[in-house]
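What follows is the content of work35.txt, which has compact mmCIF, C-alpha atoms:
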# COMPACT_ATOMS: atom_id res chain seq x y z
CA MET E 1455 116.07 188.55 223.66
CA GLY E 1456 116.19 192.15 222.47
CA GLN E 1457 114.09 195.01 223.78
CA PRO E 1458 110.47 194.92 222.55
CA VAL E 1459 108.83 197.22 220.06
CA LEU E 1460 106.17 199.31 221.80
CA ALA E 1461 103.13 200.70 219.96
CA GLY E 1462 100.25 202.86 221.11
CA VAL E 1463 96.76 201.97 219.86
CA ASP E 1464 93.45 203.77 220.29
CA GLY E 1465 91.31 202.25 217.53
CA SER E 1466 91.90 205.07 215.04
CA GLY E 1467 93.07 204.40 211.49
CA HIS E 1468 96.37 206.08 212.23
CA SER E 1469 97.04 203.87 215.23
CA LEU E 1470 96.12 200.73 213.27
CA ALA E 1471 98.62 201.71 210.57
CA ALA E 1472 101.22 202.25 213.32
CA ALA E 1473 100.44 198.84 214.86
CA GLU E 1474 100.87 197.16 211.46
CA TRP E 1475 104.21 198.91 210.92
CA ALA E 1476 105.30 197.99 214.44
CA ALA E 1477 104.35 194.34 213.91
CA ARG E 1478 106.51 194.10 210.80
CA GLU E 1479 109.37 195.80 212.60
CA ALA E 1480 109.10 193.41 215.56
CA VAL E 1481 109.24 190.44 213.19
CA LEU E 1482 112.30 191.95 211.45
CA ARG E 1483 114.03 192.43 214.80
CA ASP E 1484 112.80 189.08 216.16
CA VAL E 1485 111.50 190.77 219.32
CA PRO E 1486 108.05 190.90 220.95
CA LEU E 1487 105.50 193.59 220.15
CA TYR E 1488 103.88 195.30 223.12
CA LEU E 1489 100.60 197.16 222.46
CA VAL E 1490 99.32 199.80 224.87
CA HIS E 1491 95.95 201.52 225.02
CA ALA E 1492 95.77 204.62 227.20
CA ALA E 1493 92.60 206.68 227.37
CA PRO E 1494 92.85 210.40 228.17
CA PRO E 1495 91.38 211.33 231.57
CA LEU E 1496 87.72 212.26 231.57
CA PRO E 1497 86.96 215.92 232.32
CA GLY E 1498 85.56 216.91 235.66
CA GLY E 1499 86.27 215.81 239.20
CA GLU E 1500 84.67 212.55 240.24
CA VAL E 1501 84.36 209.98 237.42
CA PRO E 1502 81.49 207.50 237.92
CA ASP E 1503 82.59 203.90 238.28
CA GLN E 1504 80.30 202.89 235.44
CA ALA E 1505 81.95 205.34 233.05
CA ARG E 1506 85.39 204.14 234.10
CA GLU E 1507 84.37 200.51 233.58
CA THR E 1508 82.91 201.30 230.16
CA LEU E 1509 86.17 202.92 229.08
CA ARG E 1510 88.11 199.93 230.35
CA ARG E 1511 85.98 197.52 228.34
CA VAL E 1512 86.26 199.62 225.20
CA GLY E 1513 90.03 199.74 225.57
CA GLU E 1514 90.19 196.00 226.15
CA ARG E 1515 88.20 195.33 222.97
CA ILE E 1516 90.50 197.61 221.00
CA VAL E 1517 93.68 195.91 222.24
CA GLN E 1518 92.35 192.37 221.80
CA GLY E 1519 91.01 193.19 218.34
CA VAL E 1520 94.38 194.53 217.19
CA ILE E 1521 96.18 191.52 218.68
CA ALA E 1522 93.87 189.11 216.83
CA ASP E 1523 94.21 191.03 213.56
CA LEU E 1524 98.01 191.21 213.69
CA GLY E 1525 98.33 187.61 214.83
CA ALA E 1526 96.30 186.40 211.85
CA ARG E 1527 98.52 188.27 209.39
CA HIS E 1528 101.83 187.64 211.15
CA PRO E 1529 101.77 184.12 212.66
CA GLU E 1530 105.40 184.42 213.77
CA LEU E 1531 104.68 187.60 215.77
CA ARG E 1532 104.88 187.51 219.56
CA VAL E 1533 102.42 190.14 220.75
CA ARG E 1534 100.70 191.13 223.96
CA GLY E 1535 98.89 194.20 225.16
CA GLU E 1536 97.59 196.09 228.14
CA GLN E 1537 95.71 199.19 229.14
CA SER E 1538 97.06 202.13 231.07
CA ALA E 1539 95.08 204.47 233.28
CA GLY E 1540 97.44 207.34 232.60
CA ALA E 1541 97.28 209.96 229.87
CA PRO E 1542 98.50 208.55 226.52
CA ALA E 1543 101.75 210.48 226.15
CA GLU E 1544 102.82 209.96 229.75
CA ALA E 1545 101.94 206.25 229.66
CA LEU E 1546 103.94 205.69 226.48
CA LEU E 1547 106.92 207.69 227.72
CA SER E 1548 107.02 205.66 230.92
CA LEU E 1549 106.90 202.33 229.11
CA ALA E 1550 109.40 203.49 226.46
CA ALA E 1551 112.16 203.28 229.07
CA GLY E 1552 112.17 199.51 228.57
CA ALA E 1553 111.58 199.46 224.81
CA GLY E 1554 113.93 199.39 221.87
CA LEU E 1555 111.52 201.35 219.71
CA LEU E 1556 108.25 203.24 220.21
CA VAL E 1557 105.79 203.42 217.29
CA VAL E 1558 102.81 205.79 217.19
CA GLY E 1559 100.36 207.01 214.60
CA ALA E 1560 100.78 210.57 213.42
CA ARG E 1561 97.52 211.38 215.16
CA GLY E 1562 94.96 209.52 217.20
CA SER E 1563 91.21 209.48 217.53
CA GLY E 1564 91.16 213.07 218.75
CA GLY E 1565 92.08 216.18 216.81
CA PHE E 1566 90.34 217.32 213.65
CA ASP E 1567 90.32 216.70 209.91
CA GLY E 1568 93.45 218.10 208.31
CA LEU E 1569 95.58 217.76 211.45
CA ALA E 1570 98.87 216.24 210.30
CA VAL E 1571 100.50 215.35 213.60
CA GLY E 1572 98.79 215.18 216.97
CA SER E 1573 100.00 216.22 220.40
CA VAL E 1574 100.80 212.69 221.59
CA ALA E 1575 103.05 211.95 218.60
CA LEU E 1576 104.87 215.26 219.00
CA ARG E 1577 105.27 214.79 222.74
CA VAL E 1578 106.75 211.29 222.59
CA ALA E 1579 108.95 212.13 219.59
CA ALA E 1580 110.41 215.01 221.60
CA ALA E 1581 110.90 213.25 224.91
CA ALA E 1582 111.16 209.45 224.60
CA GLY E 1583 114.43 207.85 225.65
CA CYS E 1584 114.29 205.37 222.74
CA PRO E 1585 113.86 206.01 219.00
CA VAL E 1586 110.30 206.89 218.00
CA VAL E 1587 108.70 206.12 214.64
CA VAL E 1588 105.71 208.26 213.66
CA VAL E 1589 103.56 206.53 211.03
CA PRO E 1590 101.14 208.37 208.71
CA GLY E 1591 97.58 207.09 208.62
CA ARG E 1592 97.96 204.79 205.66
CA ARG E 1593 98.41 201.05 205.54
CA LEU E 1594 101.90 199.77 204.84
CA GLY E 1595 102.35 199.62 201.08
CA GLY E 1596 100.40 202.84 200.57
CA PHE E 1597 103.33 205.17 201.17
CA GLY E 1598 104.88 207.08 198.29
CA ASN E 1599 103.22 207.86 194.96
CA GLY E 1600 102.95 204.29 193.70
CA THR E 1601 105.60 204.53 190.97
CA ARG E 1602 108.05 202.13 192.63
CA PRO E 1603 108.37 198.79 190.79
CA ALA E 1604 106.43 195.94 192.34
CA GLY E 1605 108.56 193.97 194.79
CA ALA E 1606 111.24 196.66 195.04
CA VAL E 1607 112.48 197.43 198.55
CA PRO E 1608 112.06 201.15 199.26
CA PRO E 1609 115.21 202.93 200.43
CA VAL E 1610 115.89 204.18 203.93
CA VAL E 1611 116.71 207.90 203.95
CA VAL E 1612 118.70 209.56 206.71
CA GLY E 1613 119.44 213.22 207.26
CA TYR E 1614 123.10 213.52 208.23
CA ASP E 1615 125.25 216.49 209.17
CA ALA E 1616 128.86 215.64 208.39
CA HIS E 1617 129.97 218.69 210.38
CA ARG E 1618 128.42 217.15 213.53
CA PRO E 1619 128.11 213.40 212.86
CA VAL E 1620 126.01 211.46 215.36
CA ALA E 1621 126.77 207.77 215.85
CA GLU E 1622 123.30 206.94 217.23
CA VAL E 1623 121.58 208.27 214.10
CA ALA E 1624 124.00 206.53 211.77
CA ASP E 1625 123.68 203.19 213.58
CA PHE E 1626 119.87 203.33 213.55
CA ALA E 1627 119.73 204.19 209.84
CA PHE E 1628 122.35 201.62 208.81
CA GLY E 1629 120.66 198.98 210.96
CA ALA E 1630 117.24 199.73 209.46
CA ALA E 1631 118.65 199.46 205.93
CA ARG E 1632 120.46 196.21 206.74
CA GLY E 1633 117.36 194.63 208.29
CA ARG E 1634 115.25 195.45 205.24
CA GLY E 1635 117.88 194.74 202.60
CA ALA E 1636 117.40 198.33 201.48
CA VAL E 1637 119.67 200.96 200.00
CA LEU E 1638 120.56 203.73 202.46
CA ARG E 1639 120.39 207.25 201.05
CA VAL E 1640 122.39 209.67 203.17
CA VAL E 1641 121.31 213.26 202.61
CA GLN E 1642 123.63 216.13 203.50
CA ALA E 1643 122.14 219.58 202.93
CA TRP E 1644 124.58 222.48 202.68
CA VAL E 1645 124.60 226.24 202.25
CA PHE E 1646 127.17 228.64 200.86
CA PRO E 1647 129.83 229.56 203.43
CA ALA E 1648 129.91 233.05 204.92
CA GLU E 1649 132.66 234.20 202.55
CA ALA E 1650 130.28 233.68 199.63
CA VAL E 1651 128.17 236.64 200.79
CA SER E 1652 129.42 239.88 199.30
CA PRO E 1653 128.09 243.41 199.92
CA ARG E 1654 128.62 244.10 196.21
CA THR E 1655 127.07 241.11 194.51
CA LEU E 1656 124.96 238.01 195.12
CA PHE E 1657 126.69 236.18 192.27
CA VAL E 1658 128.63 233.04 193.18
CA ALA E 1659 131.20 231.88 190.69
CA GLU E 1660 130.65 228.37 189.38
CA GLU E 1661 134.19 227.34 190.27
CA ASP E 1662 133.66 228.53 193.87
CA ARG E 1663 130.45 226.58 194.15
CA ALA E 1664 132.12 223.47 192.76
CA THR E 1665 134.99 223.80 195.24
CA TRP E 1666 132.67 224.20 198.24
CA GLU E 1667 130.49 221.32 197.08
CA ASP E 1668 133.52 219.08 196.64
CA GLN E 1669 134.55 219.92 200.20
CA GLU E 1670 131.10 218.91 201.48
CA VAL E 1671 131.20 215.65 199.53
CA LEU E 1672 134.62 214.83 200.97
CA ARG E 1673 133.53 215.73 204.49
CA LEU E 1674 130.47 213.47 204.21
CA SER E 1675 132.56 210.62 202.82
CA ASP E 1676 134.93 210.93 205.79
CA ALA E 1677 132.04 211.01 208.30
CA LEU E 1678 130.48 207.86 206.81
CA ARG E 1679 133.67 205.81 206.79
CA ALA E 1680 133.24 204.43 210.33
CA PRO E 1681 129.57 203.36 210.05
CA GLN E 1682 130.22 201.84 206.62
CA GLU E 1683 132.95 199.71 208.18
CA ARG E 1684 130.47 198.57 210.86
CA TYR E 1685 127.80 197.75 208.26
CA PRO E 1686 129.72 196.59 205.16
CA GLU E 1687 126.64 194.83 203.71
CA VAL E 1688 124.68 198.09 203.37
CA THR E 1689 124.72 199.86 200.00
CA VAL E 1690 125.06 203.61 200.59
CA ARG E 1691 124.18 206.42 198.23
CA ALA E 1692 125.31 209.81 199.47
CA ASP E 1693 123.52 212.97 198.28
CA VAL E 1694 124.98 216.41 198.93
CA VAL E 1695 122.36 219.01 197.99
CA LEU E 1696 122.24 222.80 198.08
CA LEU E 1697 118.84 223.08 199.75
CA HIS E 1698 117.21 223.75 203.08
CA PRO E 1699 117.59 220.52 205.09
CA ALA E 1700 113.84 219.95 205.44
CA GLN E 1701 113.24 220.34 201.72
CA ALA E 1702 116.20 218.11 200.88
CA LEU E 1703 114.86 215.35 203.15
CA LEU E 1704 111.28 215.63 201.90
CA ASN E 1705 112.45 215.46 198.27
CA SER E 1706 114.60 212.40 198.99
CA SER E 1707 111.91 210.60 200.99
CA ARG E 1708 109.14 210.60 198.38
CA GLU E 1709 109.70 206.93 197.61
CA ALA E 1710 111.32 206.00 200.92
CA GLY E 1711 110.15 203.31 203.29
CA LEU E 1712 111.58 205.17 206.28
CA LEU E 1713 113.05 208.61 206.93
CA VAL E 1714 115.50 208.91 209.83
CA VAL E 1715 116.36 212.14 211.66
CA GLY E 1716 118.14 212.89 214.92
CA ARG E 1717 116.97 214.68 218.05
CA GLY E 1718 119.32 216.27 220.54
CA GLY E 1719 118.76 216.72 224.26
CA GLY E 1720 116.41 219.18 225.91
CA GLY E 1721 113.11 217.49 225.10
CA ARG E 1722 112.43 219.68 222.07
CA LEU E 1723 112.03 219.01 218.36
CA GLY E 1724 113.97 221.19 215.95
CA PRO E 1725 112.38 222.92 212.95
CA VAL E 1726 113.63 220.32 210.46
CA THR E 1727 112.14 217.45 212.46
CA HIS E 1728 108.87 219.36 212.83
CA ALA E 1729 108.74 219.90 209.07
CA VAL E 1730 109.35 216.28 208.11
CA LEU E 1731 106.90 214.97 210.71
CA HIS E 1732 104.18 217.17 209.26
CA HIS E 1733 104.92 216.68 205.57
CA ALA E 1734 106.69 213.35 204.94
CA GLY E 1735 104.57 210.68 203.30
CA CYS E 1736 106.53 207.82 204.85
CA PRO E 1737 107.18 206.80 208.46
CA VAL E 1738 109.66 209.07 210.24
CA ALA E 1739 112.10 207.77 212.86
CA VAL E 1740 113.28 210.31 215.43
CA VAL E 1741 116.48 209.07 217.10
CA PRO E 1742 117.55 210.66 220.38
CA HIS E 1743 121.22 211.38 220.97
CA GLY E 1744 123.39 213.23 223.43
CA GLY E 1745 124.74 215.77 220.95
What does the file become when written as structure tokens?
Amino acid sequence: MGQPVLAGVDGSGHSLAAAEWAAREAVLRDVPLYLVHAAPPLPGGEVPDQARETLRRVGERIVQGVIADLGARHPELRVRGEQSAGAPAEALLSLAAGAGLLVVGARGSGGFDGLAVGSVALRVAAAAGCPVVVVPGRRLGGFGNGTRPAGAVPPVVVGYDAHRPVAEVADFAFGAARGRGAVLRVVQAWVFPAEAVSPRTLFVAEEDRATWEDQEVLRLSDALRAPQERYPEVTVRADVVLLHPAQALLNSSREAGLLVVGRGGGGRLGPVTHAVLHHAGCPVAVVPHGG
């Protein structure tokens, strides 16, 4: 049996959307779904036993309610849940060590209107040892602008740097596309090389641009050869675009079912990952790697 999918729930709309996404993913992977409710510590020193017991009962109702709801919609789903006394981010990070995937809502019951991504989602995306999917607060099927044909499988989009290819990111994206029967769109953003900058002019000759772009296309094709051999059933569409990476990914993900980005070591999210987490309209998978 594979590692379970882990999802945090707190009763908010965002967490319910994350639990629904996680349930579908667990069914796709044929692994159990593990739901966790962790309440933030109450302020002050001594917490009355009655208050602690009330919080426990509320958390239990939330977990059991989500289990019943998901079980009714996904009869084949194997799901269980528990409560944690720790702070939400720390509880999820601890449990993520034994999970194949951690799924959280973009924000929880705290925060304020207009907040795109909450502190728990940012913390686990930056530090979890397994891939993390951050789900916007909309039910599955509500992502995108609604122009996709009925029944069409939305593509998986992955941001890929052919200059520094990362096997973990490629394998996650190819695996996600294969499991869904989806097209994989590989997006490589590029900029003009240093020799294009001249103290005399900002003009770039069309033939120079075409040459540099052809080089990027060839480099991406070379970088994708190994993962394509490992996943021959996946249809790949490679896009090499002259844009800032965040903008290129956001443009490509408007009708995506999942956007995949990488995260290096150090427990920090880069600016591109921050941008897509805050602005993408589809779930975003953040895949840790050693690069």
E:Leu1696 environment, 12 Å, all atoms listed in the file, sequence neighbours closer than 2 positions dropped, as a list in words: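 Final neighbour list, sorted by chain and number: Val1641, Gln1642, Ala1643, Trp1644, Val1645, Phe1646, Pro1647, Arg1663, Ala1664, Trp1666, Glu1667, Asp1668, Glu1670, Val1671, Asp1693, Val1694, His1698, Pro1699, Ala1700, Gln1701, Ala1702 and Leu1703 of chain E.
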Store the residues picked out above, limited to C-alpha atoms, as a PDB file, keeping the file's coordinate frame.
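Okay, this is what ended up in part.pdb:
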ATOM      1  CA  VAL E1641     121.310 213.260 202.610  1.00  0.00           C
ATOM      2  CA  GLN E1642     123.630 216.130 203.500  1.00  0.00           C
ATOM      3  CA  ALA E1643     122.140 219.580 202.930  1.00  0.00           C
ATOM      4  CA  TRP E1644     124.580 222.480 202.680  1.00  0.00           C
ATOM      5  CA  VAL E1645     124.600 226.240 202.250  1.00  0.00           C
ATOM      6  CA  PHE E1646     127.170 228.640 200.860  1.00  0.00           C
ATOM      7  CA  PRO E1647     129.830 229.560 203.430  1.00  0.00           C
ATOM      8  CA  ARG E1663     130.450 226.580 194.150  1.00  0.00           C
ATOM      9  CA  ALA E1664     132.120 223.470 192.760  1.00  0.00           C
ATOM     10  CA  TRP E1666     132.670 224.200 198.240  1.00  0.00           C
ATOM     11  CA  GLU E1667     130.490 221.320 197.080  1.00  0.00           C
ATOM     12  CA  ASP E1668     133.520 219.080 196.640  1.00  0.00           C
ATOM     13  CA  GLU E1670     131.100 218.910 201.480  1.00  0.00           C
ATOM     14  CA  VAL E1671     131.200 215.650 199.530  1.00  0.00           C
ATOM     15  CA  ASP E1693     123.520 212.970 198.280  1.00  0.00           C
ATOM     16  CA  VAL E1694     124.980 216.410 198.930  1.00  0.00           C
ATOM     17  CA  HIS E1698     117.210 223.750 203.080  1.00  0.00           C
ATOM     18  CA  PRO E1699     117.590 220.520 205.090  1.00  0.00           C
ATOM     19  CA  ALA E1700     113.840 219.950 205.440  1.00  0.00           C
ATOM     20  CA  GLN E1701     113.240 220.340 201.720  1.00  0.00           C
ATOM     21  CA  ALA E1702     116.200 218.110 200.880  1.00  0.00           C
ATOM     22  CA  LEU E1703     114.860 215.350 203.150  1.00  0.00           C
TER      23      LEU E1703
END
So which residues touch E:Val1714 within 6 Å, counting all atoms listed in the file, skipping near sequence neighbours fewer than 6 positions away, as a list in words? Val1612, Val1738 and Ala1739 of chain E
Tell me, in Å to one decimal, how far atom CA of E:Pro1486 is from atom CA of E:Pro1529. 12.4 Å
Hey, can you check how far atom CA of E:Leu1638 sits from atom CA of E:Asn1705? 14.9 Å
Just give me the gap between atom CA of E:Val1589 and atom CA of E:Ala1560 in Å, one decimal is fine.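 Separation of atom CA of E:Val1589 and atom CA of E:Ala1560: 5.5 Å.
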For E:Gly1559, work out the shell of residues within 7 Å, counting only C-alpha atoms and skipping chain neighbours fewer than 4 positions away, then give it as a PyMOL selection string. chain E and resi 1468-1469+1471-1472+1575+1588-1591
Excluding same-chain residues fewer than 4 positions from E:Arg1483, what lies within 9 Å of it counting all atoms listed in the file, as an mmCIF file with C-alpha atoms, in the coordinates of the input?
data_model
loop_
_atom_site.group_PDB
_atom_site.id
_atom_site.type_symbol
_atom_site.label_atom_id
_atom_site.label_comp_id
_atom_site.auth_asym_id
_atom_site.auth_seq_id
_atom_site.Cartn_x
_atom_site.Cartn_y
_atom_site.Cartn_z
ATOM 1 C CA GLY E 1456 116.190 192.150 222.470
ATOM 2 C CA PRO E 1458 110.470 194.920 222.550
ATOM 3 C CA VAL E 1459 108.830 197.220 220.060
ATOM 4 C CA ARG E 1478 106.510 194.100 210.800
ATOM 5 C CA GLU E 1479 109.370 195.800 212.600
ATOM 6 C CA GLY E 1633 117.360 194.630 208.290
#
Identify which of the residues E:Ser1706, E:Ala1621, E:Arg1684, E:Glu1500 lies closest to E:Val1640, counting only C-alpha atoms when measuring atom-to-atom distances.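 Among the listed residues, the smallest separation from E:Val1640 belongs to E:Ser1706.
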Exercise: stretch 1577-1585 of chain E partners within 9 Å, all atoms listed in the file, chain neighbours under 6 positions left out, as JSON, numbers by chain: {"E": [1543, 1544, 1546, 1547, 1548, 1550, 1551, 1552, 1553, 1554, 1555, 1556, 1557, 1558, 1626, 1717, 1719, 1720, 1721, 1722, 1723, 1739, 1740, 1741, 1742, 1743]}
Pick from E:Leu1697, E:Ala1505, E:Ala1636, E:Ala1734, whichever lies nearest to E:Val1610 using all atoms listed in the file: E:Ala1636
Of the candidates E:Gly1519, E:Pro1681, E:Gly1462, E:Pro1502, which one gets nearest to E:Ala1545 if we count all atoms listed in the file?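 Residue with the minimum atom-to-atom distance to E:Ala1545: E:Gly1462.
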Using all atoms listed in the file, which of E:Ala1680, E:Val1620, E:Phe1628, E:Gly1540 sits nearest E:Gly1718?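 Nearest candidate to E:Gly1718 out of E:Ala1680, E:Val1620, E:Phe1628, E:Gly1540: E:Val1620.
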From E:Ala1480, E:Val1512, E:Ala1677, E:Leu1704, residue lying nearest E:Ala1493 [all atoms listed in the file]: E:Val1512
Best match for closeness to E:Ala1461 among E:Pro1542, E:Pro1686, E:Gly1724, E:Pro1609, counting only C-alpha atoms: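 Ranking E:Pro1542, E:Pro1686, E:Gly1724, E:Pro1609 by distance to E:Ala1461, first place goes to E:Pro1542.
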For stretch 1551-1561 of chain E, where the input has fewer atoms than it should, I would like all heavy atoms rebuilt and written as a short mmCIF file (atom, residue, chain, number, x, y, z; two decimals), in the coordinates of the input.
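Written output follows (part19.cif):
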data_model
loop_
_atom_site.label_atom_id
_atom_site.label_comp_id
_atom_site.auth_asym_id
_atom_site.auth_seq_id
_atom_site.Cartn_x
_atom_site.Cartn_y
_atom_site.Cartn_z
N ALA E 1551 110.87 203.47 228.40
CA ALA E 1551 112.16 203.28 229.07
C ALA E 1551 112.67 201.85 228.92
O ALA E 1551 113.87 201.61 228.95
CB ALA E 1551 112.04 203.64 230.55
N GLY E 1552 111.76 200.89 228.74
CA GLY E 1552 112.17 199.51 228.57
C GLY E 1552 112.03 198.98 227.17
O GLY E 1552 112.12 197.77 226.94
N ALA E 1553 111.81 199.87 226.20
CA ALA E 1553 111.58 199.46 224.81
C ALA E 1553 112.77 199.81 223.93
O ALA E 1553 113.54 200.73 224.24
CB ALA E 1553 110.32 200.12 224.26
N GLY E 1554 112.91 199.07 222.85
CA GLY E 1554 113.93 199.39 221.87
C GLY E 1554 113.45 200.38 220.83
O GLY E 1554 114.24 201.05 220.18
N LEU E 1555 112.13 200.47 220.70
CA LEU E 1555 111.52 201.35 219.71
C LEU E 1555 110.08 201.62 220.11
O LEU E 1555 109.37 200.71 220.55
CB LEU E 1555 111.56 200.70 218.32
CG LEU E 1555 111.01 201.52 217.14
CD1 LEU E 1555 111.96 202.69 216.84
CD2 LEU E 1555 110.85 200.65 215.90
N LEU E 1556 109.63 202.85 219.97
CA LEU E 1556 108.25 203.24 220.21
C LEU E 1556 107.64 203.67 218.88
O LEU E 1556 108.22 204.49 218.16
CB LEU E 1556 108.18 204.39 221.22
CG LEU E 1556 106.83 205.09 221.40
CD1 LEU E 1556 105.74 204.12 221.81
CD2 LEU E 1556 106.97 206.22 222.42
N VAL E 1557 106.46 203.12 218.55
CA VAL E 1557 105.79 203.42 217.29
C VAL E 1557 104.41 204.00 217.59
O VAL E 1557 103.63 203.41 218.36
CB VAL E 1557 105.63 202.16 216.41
CG1 VAL E 1557 105.01 202.51 215.07
CG2 VAL E 1557 106.99 201.49 216.21
N VAL E 1558 104.11 205.15 216.99
CA VAL E 1558 102.81 205.79 217.19
C VAL E 1558 102.27 206.26 215.85
O VAL E 1558 103.03 206.51 214.90
CB VAL E 1558 102.89 206.99 218.16
CG1 VAL E 1558 103.24 206.54 219.56
CG2 VAL E 1558 103.89 208.03 217.66
N GLY E 1559 100.96 206.39 215.76
CA GLY E 1559 100.36 207.01 214.60
C GLY E 1559 100.58 208.51 214.64
O GLY E 1559 100.76 209.11 215.71
N ALA E 1560 100.56 209.13 213.48
CA ALA E 1560 100.78 210.57 213.42
C ALA E 1560 99.74 211.34 214.23
O ALA E 1560 100.03 212.39 214.79
CB ALA E 1560 100.77 211.04 211.96
N ARG E 1561 98.54 210.79 214.31
CA ARG E 1561 97.52 211.38 215.16
C ARG E 1561 96.60 210.26 215.62
O ARG E 1561 96.59 209.17 215.04
CB ARG E 1561 96.71 212.47 214.45
CG ARG E 1561 96.20 212.07 213.09
CD ARG E 1561 95.27 213.09 212.50
NE ARG E 1561 93.98 213.10 213.18
CZ ARG E 1561 92.86 213.57 212.64
NH1 ARG E 1561 92.88 214.08 211.44
NH2 ARG E 1561 91.73 213.56 213.32
#
